[in-house]
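Quick look at entry.tsv (TSV, C-alpha atoms):
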```tsv
chain	number	residue	atom	x	y	z
A	210	MET	CA	0.00	0.00	0.00
A	211	SER	CA	1.40	3.34	-1.05
A	212	ILE	CA	0.80	6.40	1.13
A	213	LEU	CA	1.38	10.02	0.06
A	214	LEU	CA	1.56	12.74	2.69
A	215	VAL	CA	1.02	16.42	1.88
A	216	THR	CA	2.09	18.69	4.75
A	217	VAL	CA	2.17	22.44	5.39
A	218	GLY	CA	3.42	22.33	9.01
A	219	SER	CA	2.04	25.11	11.21
A	220	THR	CA	1.49	27.43	8.22
A	221	LEU	CA	-1.31	27.76	5.71
A	222	PHE	CA	-0.84	27.07	2.03
A	223	PRO	CA	-4.31	26.74	0.53
A	224	SER	CA	-3.13	26.74	-3.08
A	225	LEU	CA	-1.11	23.58	-2.37
A	226	THR	CA	-3.73	21.76	-0.31
A	227	ASP	CA	-6.51	22.68	-2.76
A	228	THR	CA	-4.50	21.50	-5.75
A	229	PHE	CA	-4.21	18.04	-4.21
A	230	LEU	CA	-8.01	17.85	-4.04
A	231	SER	CA	-8.44	18.77	-7.71
A	232	PRO	CA	-9.81	16.00	-9.99
A	233	SER	CA	-6.74	15.98	-12.25
A	234	ILE	CA	-4.24	15.47	-9.40
A	235	LEU	CA	-6.44	12.89	-7.66
A	236	ALA	CA	-6.69	10.94	-10.93
A	237	LEU	CA	-2.93	11.19	-11.39
A	238	LEU	CA	-2.28	9.83	-7.89
A	239	GLU	CA	-4.67	6.92	-8.42
A	240	LEU	CA	-2.90	6.13	-11.67
A	241	HIS	CA	0.36	5.91	-9.72
A	242	ARG	CA	-1.24	3.45	-7.31
A	243	ILE	CA	-1.41	5.77	-4.30
A	244	LYS	CA	-3.86	4.08	-1.90
A	245	ARG	CA	-3.95	6.72	0.80
A	246	LEU	CA	-3.57	10.48	0.46
A	247	ILE	CA	-3.10	12.33	3.76
A	248	ILE	CA	-3.38	16.12	3.58
A	249	GLN	CA	-2.25	18.06	6.67
A	250	TYR	CA	-3.64	21.47	5.79
A	251	GLY	CA	-2.69	23.59	8.82
A	252	ARG	CA	-4.18	26.99	9.45
A	253	ALA	CA	-5.93	27.29	6.10
A	254	ALA	CA	-9.72	27.48	5.95
A	255	ILE	CA	-11.37	24.13	5.33
A	256	PRO	CA	-9.94	23.15	1.96
A	257	SER	CA	-12.40	23.67	-0.86
A	258	ASP	CA	-12.98	20.07	-1.87
A	259	HIS	CA	-14.15	20.43	-5.47
A	260	GLY	CA	-17.46	18.71	-4.81
A	261	LEU	CA	-15.98	15.79	-2.87
A	262	HIS	CA	-18.23	16.58	0.12
A	263	ILE	CA	-15.73	15.68	2.82
A	264	HIS	CA	-17.28	16.08	6.24
A	265	LEU	CA	-14.83	17.48	8.79
A	266	ASP	CA	-15.28	16.96	12.54
A	267	GLY	CA	-14.59	19.55	15.26
A	268	SER	CA	-10.83	19.10	15.10
A	269	GLY	CA	-10.83	19.53	11.34
A	270	LYS	CA	-10.43	15.85	10.54
A	271	GLY	CA	-12.29	14.03	7.77
A	272	SER	CA	-11.97	11.44	5.05
A	273	VAL	CA	-13.58	10.18	1.85
A	274	ASN	CA	-13.02	7.32	-0.59
A	275	ILE	CA	-12.41	8.26	-4.19
A	276	GLY	CA	-12.26	5.26	-6.45
A	277	GLY	CA	-9.63	3.00	-4.94
A	278	MET	CA	-7.99	5.77	-2.95
A	279	ARG	CA	-8.69	6.99	0.55
A	280	VAL	CA	-8.31	10.76	1.06
A	281	GLU	CA	-7.79	11.96	4.64
A	282	LEU	CA	-7.70	15.54	5.84
A	283	ILE	CA	-6.12	16.60	9.13
A	284	ARG	CA	-5.45	20.09	10.41
A	285	PHE	CA	-2.39	19.46	12.62
A	286	THR	CA	-0.54	16.50	14.10
A	287	ASP	CA	1.18	16.00	17.44
A	288	ASP	CA	3.47	13.39	15.96
A	289	PHE	CA	4.84	14.75	12.70
A	290	GLU	CA	7.76	12.34	12.68
A	291	GLY	CA	5.41	9.38	13.10
A	292	LEU	CA	3.22	10.67	10.29
A	293	VAL	CA	6.21	10.96	7.96
A	294	ARG	CA	7.55	7.56	9.02
A	295	GLY	CA	4.25	5.95	8.11
A	296	SER	CA	4.21	7.50	4.62
A	297	ASP	CA	5.96	6.45	1.42
A	298	TRP	CA	6.08	9.82	-0.32
A	299	VAL	CA	6.14	13.30	1.21
A	300	VAL	CA	5.09	16.55	-0.45
A	301	SER	CA	5.91	19.47	1.85
A	302	HIS	CA	5.99	23.23	2.10
A	303	ALA	CA	9.56	24.59	2.29
A	304	GLY	CA	9.76	24.80	6.10
A	305	SER	CA	13.15	23.71	7.42
A	306	GLY	CA	11.59	21.62	10.21
A	307	SER	CA	9.54	19.51	7.81
A	308	ILE	CA	12.47	19.15	5.40
A	309	LEU	CA	14.98	18.05	8.07
A	310	THR	CA	12.58	15.60	9.74
A	311	THR	CA	11.76	13.92	6.42
A	312	LEU	CA	15.33	13.71	5.14
A	313	ARG	CA	16.84	12.47	8.40
A	314	LEU	CA	14.59	9.46	8.79
A	315	ASN	CA	16.29	6.14	8.31
A	316	PRO	CA	15.82	5.37	5.48
A	317	PRO	CA	15.01	8.90	4.23
A	318	LYS	CA	11.66	9.43	2.49
A	319	PRO	CA	11.39	10.76	-1.06
A	320	LEU	CA	10.57	14.45	-0.67
A	321	LEU	CA	9.01	16.94	-3.06
A	322	VAL	CA	9.12	20.51	-1.76
A	323	VAL	CA	6.68	23.16	-2.98
A	324	PRO	CA	7.75	26.66	-1.84
A	325	ASN	CA	4.89	29.00	-0.97
A	326	GLU	CA	5.28	31.78	-3.51
A	327	SER	CA	2.77	33.99	-1.73
A	328	LEU	CA	5.14	34.54	1.21
A	329	MET	CA	6.47	38.07	1.26
A	330	ASP	CA	10.06	37.22	2.05
A	331	ASN	CA	10.50	34.05	0.09
A	332	HIS	CA	13.81	32.85	1.52
A	333	GLN	CA	12.31	29.38	1.92
A	334	ALA	CA	12.49	28.94	-1.85
A	335	GLU	CA	16.27	29.51	-1.57
A	336	LEU	CA	16.54	26.65	0.89
A	337	ALA	CA	14.45	24.33	-1.31
A	338	ASP	CA	16.47	25.22	-4.44
A	339	GLU	CA	19.81	24.74	-2.67
A	340	MET	CA	18.79	21.37	-1.23
A	341	GLY	CA	17.31	20.40	-4.60
A	342	GLU	CA	20.57	21.24	-6.39
A	343	LYS	CA	22.46	19.08	-3.93
A	344	GLY	CA	20.13	16.20	-4.80
A	345	TYR	CA	18.46	15.70	-1.42
A	346	LEU	CA	14.95	16.49	-2.67
A	347	MET	CA	12.86	17.62	-5.65
A	348	VAL	CA	11.30	21.07	-6.02
A	349	SER	CA	8.11	22.09	-7.80
A	350	LYS	CA	5.85	25.10	-8.14
A	351	VAL	CA	2.18	24.57	-7.41
A	352	GLU	CA	1.24	25.04	-11.07
A	353	ASP	CA	3.87	22.53	-12.23
A	354	LEU	CA	2.71	19.71	-9.95
A	355	GLU	CA	0.90	17.90	-12.75
A	356	HIS	CA	4.18	17.53	-14.64
A	357	ILE	CA	6.51	17.04	-11.69
A	358	LEU	CA	4.44	14.56	-9.64
A	359	PRO	CA	4.77	11.67	-12.15
A	360	LYS	CA	8.57	12.15	-12.12
A	361	PHE	CA	8.59	12.33	-8.34
A	362	LEU	CA	6.47	9.19	-7.93
A	363	SER	CA	8.83	7.21	-10.15
A	364	VAL	CA	11.91	8.07	-8.04
A	365	ASP	CA	13.80	4.99	-6.89
A	366	LYS	CA	13.35	5.06	-3.12
A	367	HIS	CA	16.56	3.15	-2.54
A	368	ASN	CA	18.54	5.73	-4.42
A	369	ILE	CA	17.85	8.84	-2.36
A	370	ARG	CA	20.88	10.81	-1.26
A	371	PRO	CA	20.87	10.64	2.55
A	372	PHE	CA	21.13	13.96	4.35
A	373	PRO	CA	23.85	13.99	7.07
A	374	GLN	CA	22.61	13.58	10.63
A	375	MET	CA	23.06	16.46	13.02
A	376	ASP	CA	26.63	16.95	14.26
A	377	GLN	CA	26.17	16.81	18.02
A	378	ASN	CA	29.45	18.59	18.82
A	379	ARG	CA	29.44	21.57	16.49
A	380	PHE	CA	27.34	24.01	18.47
A	381	LYS	CA	28.45	22.69	21.85
A	382	ASN	CA	32.10	23.34	20.93
A	383	VAL	CA	31.37	26.93	19.85
A	384	LEU	CA	29.56	27.64	23.10
A	385	ASP	CA	32.13	25.87	25.30
A	386	GLU	CA	35.00	27.70	23.65
A	387	MET	CA	33.32	31.05	24.02
A	388	MET	CA	32.52	30.54	27.69
A	389	GLY	CA	36.02	29.31	28.57
A	390	PHE	CA	35.41	25.55	28.81
A	391	ASP	CA	37.89	23.52	26.81
B	204	MET	CA	17.25	81.14	24.79
B	205	GLY	CA	16.60	79.16	27.94
B	206	PHE	CA	16.28	75.91	26.02
B	207	ILE	CA	19.79	76.01	24.58
B	208	TYR	CA	21.63	74.59	27.64
B	209	PRO	CA	19.39	71.59	28.16
B	210	LEU	CA	19.65	70.95	24.42
B	211	ILE	CA	23.45	71.06	24.54
B	212	ALA	CA	23.38	68.75	27.56
B	213	LEU	CA	21.08	66.33	25.72
B	214	VAL	CA	23.20	66.32	22.57
B	215	GLY	CA	26.28	65.85	24.75
B	216	CYS	CA	24.72	62.84	26.47
B	217	VAL	CA	23.73	61.27	23.16
B	218	VAL	CA	27.26	61.76	21.79
B	219	LEU	CA	28.79	60.24	24.95
B	220	LEU	CA	26.36	57.31	24.72
B	221	ILE	CA	27.26	56.70	21.08
B	222	ILE	CA	30.99	56.81	21.94
B	223	ARG	CA	30.39	54.40	24.81
B	224	ILE	CA	28.38	51.98	22.64
B	225	TYR	CA	31.14	52.16	20.03
B	226	GLN	CA	33.63	51.24	22.77
B	227	VAL	CA	31.67	48.23	24.00
B	228	ILE	CA	30.69	46.78	20.63
B	229	PRO	CA	32.58	43.49	20.32
B	230	SER	CA	35.46	43.94	17.87
B	231	SER	CA	36.45	40.32	17.46
B	232	SER	CA	34.97	37.07	18.69
B	233	SER	CA	35.96	37.27	22.32
B	234	THR	CA	36.57	34.21	24.44
B	235	SER	CA	36.25	34.07	28.20
B	236	PRO	CA	39.16	33.25	30.50
B	237	LYS	CA	39.61	29.52	31.06
B	238	ARG	CA	37.41	28.04	33.70
B	239	ASN	CA	37.15	24.85	35.65
B	240	PRO	CA	35.48	22.17	33.46
B	241	SER	CA	33.23	21.21	36.35
B	242	SER	CA	32.04	24.75	37.07
B	243	LYS	CA	28.60	25.97	36.08
B	244	CYS	CA	27.60	28.66	33.60
B	245	SER	CA	24.18	30.30	33.70
B	246	ILE	CA	22.46	30.60	30.34
B	247	ALA	CA	19.42	32.41	28.94
B	248	ILE	CA	17.59	31.06	25.91
B	249	PHE	CA	15.03	32.89	23.82
B	250	LEU	CA	12.44	30.65	22.17
B	251	GLY	CA	10.92	32.64	19.33
B	252	SER	CA	8.01	30.30	18.37
B	253	GLY	CA	7.50	28.02	15.34
B	254	GLY	CA	10.64	27.25	13.35
B	255	HIS	CA	12.80	29.42	15.63
B	256	THR	CA	11.82	27.29	18.61
B	257	SER	CA	12.39	23.99	16.85
B	258	GLU	CA	15.89	25.02	15.74
B	259	MET	CA	16.73	26.30	19.23
B	260	LYS	CA	15.47	23.02	20.67
B	261	SER	CA	17.88	21.08	18.42
B	262	LEU	CA	20.78	23.31	19.48
B	263	LEU	CA	19.94	22.88	23.17
B	264	SER	CA	19.69	19.11	22.79
B	265	THR	CA	23.47	19.07	22.21
B	266	ILE	CA	24.68	21.11	25.20
B	267	PRO	CA	25.43	19.60	28.64
B	268	PHE	CA	22.66	20.69	31.02
B	269	ASP	CA	24.72	20.02	34.16
B	270	ARG	CA	27.28	22.56	32.92
B	271	TYR	CA	24.85	25.17	31.53
B	272	SER	CA	22.75	25.73	34.60
B	273	PRO	CA	20.50	27.37	35.55
B	274	ARG	CA	18.71	27.68	32.20
B	275	ASN	CA	16.54	30.77	31.95
B	276	TYR	CA	13.95	30.28	29.21
B	277	ILE	CA	12.40	33.39	27.69
B	278	TYR	CA	9.37	32.93	25.43
B	279	CYS	CA	6.28	34.78	24.26
B	280	HIS	CA	2.97	34.67	26.10
B	281	ASN	CA	0.66	31.82	25.02
B	282	ASP	CA	3.33	30.14	22.92
B	283	GLU	CA	2.44	26.56	23.74
B	284	ILE	CA	4.88	25.08	21.24
B	285	SER	CA	7.79	26.67	23.10
B	286	LEU	CA	6.43	25.57	26.48
B	287	ARG	CA	6.17	22.02	25.18
B	288	ALA	CA	9.73	22.23	23.83
B	289	ILE	CA	10.98	23.34	27.27
B	290	SER	CA	9.18	20.56	29.10
B	291	GLU	CA	10.46	17.96	26.63
B	292	LEU	CA	14.05	19.19	26.98
B	293	GLU	CA	13.95	19.47	30.75
B	294	SER	CA	12.30	16.10	31.30
B	295	LYS	CA	14.83	14.43	29.00
B	296	LYS	CA	18.04	16.26	29.96
B	297	GLY	CA	17.37	18.27	33.11
B	298	ASP	CA	17.86	17.36	36.74
B	299	VAL	CA	14.37	16.53	37.98
B	300	LYS	CA	15.45	16.76	41.62
B	301	ASP	CA	16.79	20.29	41.29
B	302	ARG	CA	13.90	22.72	41.07
B	303	ASN	CA	16.24	25.66	40.58
B	304	SER	CA	17.89	24.29	37.46
B	305	TYR	CA	15.65	26.32	35.16
B	306	THR	CA	13.36	29.38	35.15
B	307	LEU	CA	10.60	30.59	32.84
B	308	LEU	CA	10.06	34.17	31.70
B	309	PRO	CA	7.05	34.86	29.46
B	310	LEU	CA	7.19	38.16	27.54
B	311	PRO	CA	4.48	40.07	25.70
B	312	ARG	CA	5.06	39.59	21.99
B	313	ALA	CA	6.93	42.52	20.40
B	314	ARG	CA	5.26	42.16	17.03
B	315	LYS	CA	2.47	39.95	15.78
B	316	VAL	CA	2.48	38.87	12.14
B	317	SER	CA	1.30	41.75	9.91
B	318	GLU	CA	0.77	44.10	12.83
B	319	PRO	CA	0.66	47.79	11.74
B	320	LEU	CA	3.57	50.06	12.65
B	321	LEU	CA	1.96	52.15	15.39
B	322	SER	CA	0.64	49.20	17.36
B	323	THR	CA	3.99	47.42	16.79
B	324	LEU	CA	5.68	50.32	18.57
B	325	LEU	CA	3.19	50.06	21.40
B	326	SER	CA	3.54	46.31	21.92
B	327	ALA	CA	7.33	46.50	21.48
B	328	SER	CA	7.53	49.08	24.28
B	329	ARG	CA	5.46	46.79	26.50
B	330	THR	CA	7.96	44.00	25.76
B	331	LEU	CA	10.79	46.41	26.52
B	332	ILE	CA	9.39	47.41	29.92
B	333	VAL	CA	8.76	43.82	31.03
B	334	SER	CA	12.25	42.73	29.92
B	335	LEU	CA	13.87	45.78	31.53
B	336	TRP	CA	12.34	44.75	34.82
B	337	HIS	CA	13.06	41.03	34.70
B	338	ILE	CA	16.37	41.00	32.84
B	339	PHE	CA	18.04	44.21	34.01
B	340	LEU	CA	16.51	45.71	37.17
B	341	LEU	CA	15.47	42.69	39.21
B	342	PRO	CA	18.84	40.89	38.87
B	343	LEU	CA	20.56	44.22	39.67
B	344	LEU	CA	18.57	44.52	42.91
B	345	ILE	CA	19.15	40.92	43.98
B	346	ILE	CA	22.83	40.31	43.10
B	347	PRO	CA	24.27	43.52	41.56
B	348	ARG	CA	27.54	41.84	40.53
B	349	GLU	CA	25.94	39.16	38.37
B	350	PRO	CA	24.04	39.66	35.11
B	351	TYR	CA	20.76	37.87	34.39
B	352	ALA	CA	22.76	35.09	32.72
B	353	GLU	CA	26.37	34.68	31.57
B	354	VAL	CA	25.34	33.92	28.01
B	355	LEU	CA	22.18	34.53	25.94
B	356	LEU	CA	21.21	32.43	22.91
B	357	ILE	CA	18.93	34.04	20.31
B	358	ASN	CA	17.83	33.07	16.78
B	359	GLY	CA	14.98	35.51	16.00
B	360	PRO	CA	12.37	36.79	15.46
B	361	GLY	CA	11.80	40.48	16.42
B	362	THR	CA	11.51	40.15	20.19
B	363	CYS	CA	15.15	39.06	20.45
B	364	VAL	CA	16.21	42.56	19.33
B	365	VAL	CA	14.64	43.91	22.52
B	366	LEU	CA	16.62	41.39	24.56
B	367	VAL	CA	19.88	42.55	22.97
B	368	LEU	CA	18.94	46.15	23.78
B	369	VAL	CA	18.27	45.37	27.44
B	370	SER	CA	21.40	43.24	27.78
B	371	TYR	CA	23.45	46.18	26.52
B	372	ILE	CA	22.69	48.37	29.53
B	373	ARG	CA	25.14	46.54	31.79
B	374	ARG	CA	27.75	46.63	29.04
B	375	ILE	CA	27.35	50.40	28.68
B	376	LEU	CA	27.57	50.86	32.46
B	377	GLY	CA	30.77	48.81	32.56
B	378	LEU	CA	29.28	46.04	34.70
B	379	LYS	CA	29.77	42.30	34.21
B	380	TYR	CA	27.51	41.54	31.25
B	381	THR	CA	25.73	38.81	29.36
B	382	LYS	CA	27.50	37.54	26.23
B	383	ILE	CA	25.20	37.10	23.26
B	384	ILE	CA	25.23	34.42	20.53
B	385	TYR	CA	22.96	34.78	17.51
B	386	ILE	CA	22.35	31.65	15.43
B	387	GLU	CA	20.86	32.37	12.00
B	388	SER	CA	18.28	29.89	10.77
B	389	PHE	CA	19.16	26.84	8.68
B	390	ALA	CA	16.56	28.21	6.25
B	391	ARG	CA	18.75	31.25	5.47
B	392	VAL	CA	20.90	30.20	2.53
B	393	ARG	CA	21.90	33.41	0.79
B	394	SER	CA	20.65	36.25	2.99
B	395	LEU	CA	20.19	37.22	6.63
B	396	SER	CA	16.84	37.65	8.35
B	397	LEU	CA	15.76	41.12	9.45
B	398	SER	CA	16.50	40.46	13.13
B	399	GLY	CA	19.86	39.00	12.10
B	400	LYS	CA	20.76	42.17	10.23
B	401	LEU	CA	19.67	44.32	13.17
B	402	VAL	CA	21.63	42.54	15.89
B	403	ARG	CA	24.73	41.55	13.92
B	404	PRO	CA	26.98	44.48	14.98
B	405	PHE	CA	26.08	44.05	18.64
B	406	VAL	CA	26.35	40.35	19.40
B	407	ASP	CA	29.52	38.57	20.54
B	408	LYS	CA	29.12	35.72	18.11
B	409	PHE	CA	27.07	35.59	14.93
B	410	LEU	CA	26.68	32.14	13.39
B	411	VAL	CA	25.21	31.30	9.99
B	412	GLN	CA	24.66	27.78	8.66
B	413	TRP	CA	25.34	28.33	4.95
B	414	PRO	CA	28.61	29.91	3.74
B	415	GLU	CA	26.91	32.55	1.59
B	416	ALA	CA	24.26	33.62	4.10
B	417	GLY	CA	26.35	36.26	5.85
B	418	GLY	CA	27.60	38.19	2.84
B	419	GLN	CA	31.10	39.61	2.67
B	420	GLY	CA	33.31	40.37	5.66
B	421	GLY	CA	32.22	41.19	9.17
B	422	ARG	CA	32.33	38.85	12.11
B	423	VAL	CA	29.92	36.34	10.64
B	424	GLU	CA	31.07	32.76	11.24
B	425	CYS	CA	29.95	29.68	9.39
B	426	LYS	CA	30.63	26.28	10.94
B	427	GLY	CA	28.22	24.46	8.64
B	428	TRP	CA	24.85	23.03	9.61
B	429	LEU	CA	24.20	23.28	13.33
B	430	VAL	CA	20.71	21.75	13.49
```
Will you turn the file into structure tokens for me?
Amino acid sequence: MSILLVTVGSTLFPSLTDTFLSPSILALLELHRIKRLIIQYGRAAIPSDHGLHIHLDGSGKGSVNIGGMRVELIRFTDDFEGLVRGSDWVVSHAGSGSILTTLRLNPPKPLLVVPNESLMDNHQAELADEMGEKGYLMVSKVEDLEHILPKFLSVDKHNIRPFPQMDQNRFKNVLDEMMGFD
Amino acid sequence: MGFIYPLIALVGCVVLLIIRIYQVIPSSSSTSPKRNPSSKCSIAIFLGSGGHTSEMKSLLSTIPFDRYSPRNYIYCHNDEISLRAISELESKKGDVKDRNSYTLLPLPRARKVSEPLLSTLLSASRTLIVSLWHIFLLPLLIIPREPYAEVLLINGPGTCVVLVLVSYIRRILGLKYTKIIYIESFARVRSLSLSGKLVRPFVDKFLVQWPEAGGQGGRVECKGWLV
């Protein structure tokens, strides 16, 4: 069973979450044998569901079956790492927290980052582009998803470039040195 | 003509203050005198919410809590994510038996997202007054020799500028002062954030995580990815 997670962290990114509920993208995902689509939509208003009639409960949770695929909506999660671990493919906004968590899992998950172009100071796109150039992830604009998603979903999962784990001594050494501990 | 003398006095004071600030601005990355490896060092940590908090949490997860003690956490009112980060860190790494190993200081937020200028000034001055009291005056009344903490860690956003401002008072007065480390976000690849640009000349150490983030020259240091 193949699970695709779409996540916007603690932000809102309605153009991304809405696009994943559009008929063309849903059809595309089904074609690529995605069985579960989980959309964590954050602070956005209830995603407009293009006539899917998804009923959301008080916490903003809901689900619907479309053909052979189950579509689940959640507003936030307390266990982001667990959510990522349980997924096969991750589509994320360009937040550094989401990116690092996804890439540092063992084994790392294939990650497609969609920078939010409506942000005023769009430095997040810089991060996505830099990490994309280094081969850790793929980058797409919202409007290019239809073309990029098929490429993304045919990535060989065993061939992802692993992102280095955090160096536990780097910051500690800077602080120790500055405060006179050696 | 009666106003001319007070005016001269005021201008004189401002000039003296500017000269003094110029004197105390750190010129090179200063290191403290060597100290006993088993001694303690008090630390203040600003948790700026959202991504700032999660990066700060990663940084803190690497430092020895028995050495950096007590830990004085500063965060913004109603920021539950930061409170949860503190409780996770302290329950994992802290000394549960020692109730004095950390303190909490909630501050009014200096600027909410998309807040207009005038009300930003108002809420920033509220933040300034509360921090003046808790970070400068109260410690001065209790133990005048010791600053609020020996070192302050900040990584944005806006409220941390206020903390730098308040920490500078002791420096200007020539008292033992808090050293300040600014850690720019992992998300900053080719440019600094606004709070980074504002505090860069004043902090004792300014760390970026990508070589091109700090621009040319200055005291910006890059040791690679820290989180």
### Task
Can you work out the spacing between CA of Ile372 (chain B) and CA of Leu335 (chain B) in Å, to one decimal?
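Distance between the two atoms: 9.4 Å.
Between CA of Lys244 (chain A) and CA of Ile308 (chain A) the interatomic distance comes to 23.4 Å.
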### Contact residues around Leu265 (chain A) with all atoms listed in the file at 10 Å, ignoring same-chain residues under 2 positions, as a list in words
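Residues near the query, excluding close chain neighbours: Ile255, His262, Ile263, Gly267, Ser268, Gly269, Lys270, Gly271, Ser272, Glu281, Leu282, Ile283 and Arg284 of chain A.
With all atoms listed in the file as the atoms that count, the residue of B:Leu310, B:Leu262, B:Val367, B:Leu210 with the shortest distance to chain A is B:Leu262.
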### Task
Compute the chain B side of the contact with chain A at 6 Å, counting all atoms listed in the file, and hand it back as a list of chain:residue names.
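Those within range of chain A come out as B:Thr234, B:Ser235, B:Pro236, B:Lys237, B:Arg238, B:Pro240, B:Thr265, B:Ile266, B:Ala390, B:Val392, B:Val430.
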### Query
What does the distance between CA of Asn274 (chain A) and CA of Asp297 (chain A) come to in Å, to one decimal place?
19.1 Å
### Message
I'd like to know which of B:Leu324, B:Val369, B:Met259, B:Ile248 is closest to Leu356 (chain B), using all atoms listed in the file.
### Response
B:Ile248
### Within 9 Å of Leu221 (chain A) using all atoms listed in the file, minus same-chain residues under 6 positions, as a PyMOL selection string
chain A and resi 250-254
Leu235 (chain A) surroundings by all atoms listed in the file, 10 Å radius, close-in-sequence under 3 positions cut, as a PDB file with C-alpha atoms, keeping the file's coordinate frame:
```pdb
ATOM      1  CA  THR A 228      -4.500  21.500  -5.750  1.00  0.00           C
ATOM      2  CA  PHE A 229      -4.210  18.040  -4.210  1.00  0.00           C
ATOM      3  CA  LEU A 230      -8.010  17.850  -4.040  1.00  0.00           C
ATOM      4  CA  SER A 231      -8.440  18.770  -7.710  1.00  0.00           C
ATOM      5  CA  PRO A 232      -9.810  16.000  -9.990  1.00  0.00           C
ATOM      6  CA  LEU A 238      -2.280   9.830  -7.890  1.00  0.00           C
ATOM      7  CA  GLU A 239      -4.670   6.920  -8.420  1.00  0.00           C
ATOM      8  CA  LEU A 240      -2.900   6.130 -11.670  1.00  0.00           C
ATOM      9  CA  HIS A 241       0.360   5.910  -9.720  1.00  0.00           C
ATOM     10  CA  ILE A 243      -1.410   5.770  -4.300  1.00  0.00           C
ATOM     11  CA  LEU A 246      -3.570  10.480   0.460  1.00  0.00           C
ATOM     12  CA  ILE A 275     -12.410   8.260  -4.190  1.00  0.00           C
ATOM     13  CA  GLY A 276     -12.260   5.260  -6.450  1.00  0.00           C
ATOM     14  CA  MET A 278      -7.990   5.770  -2.950  1.00  0.00           C
ATOM     15  CA  VAL A 280      -8.310  10.760   1.060  1.00  0.00           C
TER      16      VAL A 280
END
```
